[in-house]
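A short write-up of the structure that comes next.
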Amino acid sequence: QVQLVESGGGWVQAGDSLRLSCAASGRTFSVSAMGWFRQAPGKERESVAAINWGGGYTYYADSVKGRFIISRDNAKNTVYLQMNSLKPEDTAVYYCAADKGNYYSVLEKIANHCELDYWGKGTLVTVSS
């Protein structure tokens with residue numbers, strides 16, 4: 001099993017920045033690609049970003065492209081989501097997820113709205129106007 005714990009959420013004003021962290025523990029050697037997802041009140045969970053094991057390949061949802069940056073530090077078993085120019089519509093619970101498959105497998109799961117293998121409990125981000 002792999003445990004994922006998100007941190008860094010909070011309340012900010014529109015235009016501010018925030019960095020989320022996701023610490024992985026357990027059988028971390030069994031996972032490769034990781035990603036961030038979010039769920040706004042009354043809406044379905046949606047993908048935000050994904051990254052391969054080496055960090056050289058990244059995916060972003062159109063709604064965050066150019067504003068958010070996903071990165072990872074494998075030595076610390078941690079994935080980050082740097083969120084810049086935040087908007088009220090970014091308000092959501094942000095979840096970290098990890099998958100036993102590779103990066104392209106994760107992209108396929110995202111495209112088909114399939115669940116990744118491991119999930120954190122989420123961290124709330126609130127952006128006020």
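Going through the structure tokens in order, the chains are called A, B, and so on, while each chain numbers its residues from 1 and the ligands are numbered from 1 in the order shown.
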
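Near A:Ile70, within a cut-off of 8 Å and counting only C-alpha atoms, sit the residues Ala49, Ala50, Ile51, Thr58, Val79, Tyr80, Leu81 and Gln82 of chain A, with same-chain residues fewer than 5 positions away left out.
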
Please give the complete set of residues from stretch 10-121 of chain A that DSSP, run on the backbone, assigns to strand (DSSP E or B), formatted as an MDAnalysis selection string.
chainID A and resid 10:13 18:26 34:39 46:51 58:60 68:73 78:83 92:98 118:119

Between atom CA of A:Val106 and atom CA of A:Met34, what distance in Å does the model show, to one decimal?
7.9 Å

When you look at A:Gln3 with a cut-off of 9 Å (counting only C-alpha atoms), what residues show up, excluding the ones that are within fewer than 2 positions of it in the same chain? I need them as number ranges by chain.
A: 1, 5, 23-28, 118-120

Can you write just those residues out, all heavy atoms, as a JSON list (two decimals), in the first residue's frame?
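Listing of part_11.json after writing:
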```
[["chain", "number", "residue", "atom", "x", "y", "z"],
["A", 1, "GLN", "N", 0.83, -1.20, 0.00],
["A", 1, "GLN", "CA", 0.00, 0.00, 0.00],
["A", 1, "GLN", "C", 0.86, 1.25, 0.00],
["A", 1, "GLN", "O", 2.02, 1.23, 0.43],
["A", 1, "GLN", "CB", -0.91, 0.03, 1.23],
["A", 1, "GLN", "CG", -2.04, -0.98, 1.19],
["A", 1, "GLN", "CD", -3.09, -0.61, 0.16],
["A", 1, "GLN", "OE1", -3.34, 0.55, -0.11],
["A", 1, "GLN", "NE2", -3.69, -1.63, -0.45],
["A", 5, "VAL", "N", -0.32, 11.99, 1.70],
["A", 5, "VAL", "CA", -0.81, 13.04, 2.60],
["A", 5, "VAL", "C", -0.55, 14.40, 1.97],
["A", 5, "VAL", "O", 0.61, 14.78, 1.74],
["A", 5, "VAL", "CB", -0.14, 12.96, 3.97],
["A", 5, "VAL", "CG1", -0.66, 14.08, 4.87],
["A", 5, "VAL", "CG2", -0.40, 11.60, 4.62],
["A", 23, "ALA", "N", 3.10, 14.12, 0.30],
["A", 23, "ALA", "CA", 4.13, 13.22, 0.79],
["A", 23, "ALA", "C", 3.65, 11.78, 0.68],
["A", 23, "ALA", "O", 2.58, 11.44, 1.19],
["A", 23, "ALA", "CB", 4.48, 13.55, 2.24],
["A", 24, "ALA", "N", 4.45, 10.96, 0.04],
["A", 24, "ALA", "CA", 4.12, 9.55, -0.13],
["A", 24, "ALA", "C", 4.93, 8.70, 0.82],
["A", 24, "ALA", "O", 6.10, 8.99, 1.10],
["A", 24, "ALA", "CB", 4.39, 9.12, -1.57],
["A", 25, "SER", "N", 4.31, 7.65, 1.33],
["A", 25, "SER", "CA", 5.01, 6.71, 2.21],
["A", 25, "SER", "C", 4.49, 5.31, 1.94],
["A", 25, "SER", "O", 3.50, 5.12, 1.24],
["A", 25, "SER", "CB", 4.80, 7.09, 3.68],
["A", 25, "SER", "OG", 3.43, 7.05, 4.02],
["A", 26, "GLY", "N", 5.16, 4.34, 2.50],
["A", 26, "GLY", "CA", 4.78, 2.96, 2.27],
["A", 26, "GLY", "C", 5.57, 2.38, 1.10],
["A", 26, "GLY", "O", 6.74, 2.65, 0.95],
["A", 27, "ARG", "N", 4.90, 1.63, 0.28],
["A", 27, "ARG", "CA", 5.55, 0.96, -0.85],
["A", 27, "ARG", "C", 5.69, 1.92, -2.04],
["A", 27, "ARG", "O", 5.17, 1.66, -3.13],
["A", 27, "ARG", "CB", 4.76, -0.27, -1.24],
["A", 27, "ARG", "CG", 4.68, -1.31, -0.12],
["A", 27, "ARG", "CD", 3.72, -2.44, -0.45],
["A", 27, "ARG", "NE", 4.12, -3.21, -1.61],
["A", 27, "ARG", "CZ", 4.92, -4.27, -1.56],
["A", 27, "ARG", "NH1", 5.42, -4.67, -0.40],
["A", 27, "ARG", "NH2", 5.23, -4.91, -2.67],
["A", 28, "THR", "N", 6.42, 3.00, -1.80],
["A", 28, "THR", "CA", 6.54, 4.04, -2.83],
["A", 28, "THR", "C", 7.26, 3.54, -4.08],
["A", 28, "THR", "O", 7.09, 4.11, -5.15],
["A", 28, "THR", "CB", 7.26, 5.27, -2.28],
["A", 28, "THR", "OG1", 8.54, 4.86, -1.77],
["A", 28, "THR", "CG2", 6.46, 5.91, -1.15],
["A", 118, "TYR", "N", -3.98, 4.98, -5.93],
["A", 118, "TYR", "CA", -3.89, 5.46, -4.55],
["A", 118, "TYR", "C", -4.27, 6.93, -4.48],
["A", 118, "TYR", "O", -3.93, 7.72, -5.37],
["A", 118, "TYR", "CB", -2.47, 5.27, -4.01],
["A", 118, "TYR", "CG", -1.98, 3.85, -4.05],
["A", 118, "TYR", "CD1", -1.08, 3.45, -5.03],
["A", 118, "TYR", "CD2", -2.41, 2.92, -3.13],
["A", 118, "TYR", "CE1", -0.63, 2.15, -5.09],
["A", 118, "TYR", "CE2", -1.97, 1.61, -3.18],
["A", 118, "TYR", "CZ", -1.08, 1.23, -4.16],
["A", 118, "TYR", "OH", -0.65, -0.07, -4.22],
["A", 119, "TRP", "N", -4.94, 7.29, -3.38],
["A", 119, "TRP", "CA", -5.43, 8.66, -3.21],
["A", 119, "TRP", "C", -5.18, 9.17, -1.80],
["A", 119, "TRP", "O", -5.22, 8.40, -0.83],
["A", 119, "TRP", "CB", -6.95, 8.72, -3.47],
["A", 119, "TRP", "CG", -7.30, 8.47, -4.89],
["A", 119, "TRP", "CD1", -7.48, 7.24, -5.49],
["A", 119, "TRP", "CD2", -7.50, 9.45, -5.90],
["A", 119, "TRP", "NE1", -7.78, 7.42, -6.82],
["A", 119, "TRP", "CE2", -7.81, 8.76, -7.10],
["A", 119, "TRP", "CE3", -7.47, 10.85, -5.93],
["A", 119, "TRP", "CZ2", -8.07, 9.43, -8.30],
["A", 119, "TRP", "CZ3", -7.73, 11.50, -7.12],
["A", 119, "TRP", "CH2", -8.03, 10.79, -8.28],
["A", 120, "GLY", "N", -4.90, 10.47, -1.72],
["A", 120, "GLY", "CA", -4.85, 11.12, -0.42],
["A", 120, "GLY", "C", -6.24, 11.56, -0.02],
["A", 120, "GLY", "O", -7.21, 11.38, -0.76]]
```

Spatial neighbours of A:Gly101, 8 Å, only C-alpha atoms, chain gap at least 3 places, as a list of chain:residue names
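Listing them by chain and then by number gives A:Val31, A:Ser32, A:Ala33, A:Tyr104, A:Ser105, A:Val106.
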
Within 9 Å of A:Pro41, counting only C-alpha atoms, which residues qualify if same-chain residues fewer than 3 places away don't, as an NGL selection string?
:A and (44 or 91-93)

Those residues with N, CA and C atoms, as a short mmCIF file (atom, residue, chain, number, x, y, z; two decimals), in the first residue's frame please?
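Result file part_16.cif:
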```cif
data_model
loop_
_atom_site.label_atom_id
_atom_site.label_comp_id
_atom_site.auth_asym_id
_atom_site.auth_seq_id
_atom_site.Cartn_x
_atom_site.Cartn_y
_atom_site.Cartn_z
N GLU A 44 -18.06 17.34 -10.18
CA GLU A 44 -17.32 16.09 -10.20
C GLU A 44 -15.81 16.37 -10.05
N THR A 91 -11.20 27.27 -6.43
CA THR A 91 -11.63 26.80 -5.12
C THR A 91 -12.10 25.35 -5.22
N ALA A 92 -11.48 24.48 -4.41
CA ALA A 92 -11.81 23.05 -4.46
C ALA A 92 -11.00 22.32 -3.40
N VAL A 93 -11.36 21.08 -3.19
CA VAL A 93 -10.50 20.17 -2.43
C VAL A 93 -9.54 19.55 -3.44
#
```

Residue neighbourhood A:Phe37, 6 Å, only C-alpha atoms, exclusion window fewer than 5 positions, as a compact mmCIF listing (two decimals) with N, CA and C atoms, in the first residue's frame:
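The file below, out09.txt, is the result:
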```txt
# COMPACT_ATOMS: atom_id res chain seq x y z
N GLU A 46 -12.07 16.46 -11.04
CA GLU A 46 -11.43 16.63 -12.33
C GLU A 46 -9.92 16.58 -12.19
N SER A 47 -9.26 16.23 -13.27
CA SER A 47 -7.81 16.18 -13.25
C SER A 47 -7.25 17.59 -13.32
N VAL A 48 -6.10 17.79 -12.71
CA VAL A 48 -5.42 19.08 -12.73
C VAL A 48 -4.07 18.96 -13.42
N TYR A 94 -8.27 19.65 -3.15
CA TYR A 94 -7.24 19.14 -4.05
C TYR A 94 -6.72 17.80 -3.52
N TYR A 95 -6.72 16.81 -4.40
CA TYR A 95 -6.29 15.47 -4.05
C TYR A 95 -5.02 15.10 -4.81
```

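Between A:Arg38 and the residues A:Asp16, A:Ala97, A:Trp53, A:Leu107, the shortest atom-to-atom distance, using only C-alpha atoms, involves A:Ala97.
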
Return the single residue from A:Cys96, A:Trp11, A:Lys65, A:Gly54 that is closest to A:Lys121, with distances computed using only C-alpha atoms.
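Between A:Cys96, A:Trp11, A:Lys65, A:Gly54, the residue approaching A:Lys121 most closely is A:Cys96.
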
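Taking atom CA of A:Leu116 and atom CA of A:Tyr103 as the two end points, the separation is 11.3 Å.
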
Expected answer as a PyMOL selection string: helix (DSSP H, G or I) residues in chain A
chain A and resi 28-30+74-76+88-90+103-111

Given the selection you just returned, output its residues as a file containing C-alpha atoms, formatted as a PDB file, in the first residue's frame.
```pdb
ATOM      1  CA  THR A  28       6.541   4.036  -2.834  1.00  0.00           C
ATOM      2  CA  PHE A  29       8.744   1.943  -5.111  1.00  0.00           C
ATOM      3  CA  SER A  30       5.557   0.447  -6.541  1.00  0.00           C
ATOM      4  CA  ASN A  74      11.839  11.555  -5.502  1.00  0.00           C
ATOM      5  CA  ALA A  75      14.461  11.712  -2.755  1.00  0.00           C
ATOM      6  CA  LYS A  76      11.748  13.115  -0.507  1.00  0.00           C
ATOM      7  CA  PRO A  88     -12.122  31.932  -7.392  1.00  0.00           C
ATOM      8  CA  GLU A  89     -12.979  29.053  -9.740  1.00  0.00           C
ATOM      9  CA  ASP A  90      -9.870  27.235  -8.466  1.00  0.00           C
ATOM     10  CA  TYR A 103       2.829   8.140 -17.188  1.00  0.00           C
ATOM     11  CA  TYR A 104       0.985   7.167 -20.345  1.00  0.00           C
ATOM     12  CA  SER A 105      -1.204   4.792 -18.390  1.00  0.00           C
ATOM     13  CA  VAL A 106      -2.120   7.691 -16.111  1.00  0.00           C
ATOM     14  CA  LEU A 107      -2.943   9.913 -19.090  1.00  0.00           C
ATOM     15  CA  GLU A 108      -5.201   7.171 -20.429  1.00  0.00           C
ATOM     16  CA  LYS A 109      -6.938   6.883 -17.063  1.00  0.00           C
ATOM     17  CA  ILE A 110      -7.422  10.643 -16.977  1.00  0.00           C
ATOM     18  CA  ALA A 111      -8.855  10.644 -20.491  1.00  0.00           C
TER      19      ALA A 111
END
```
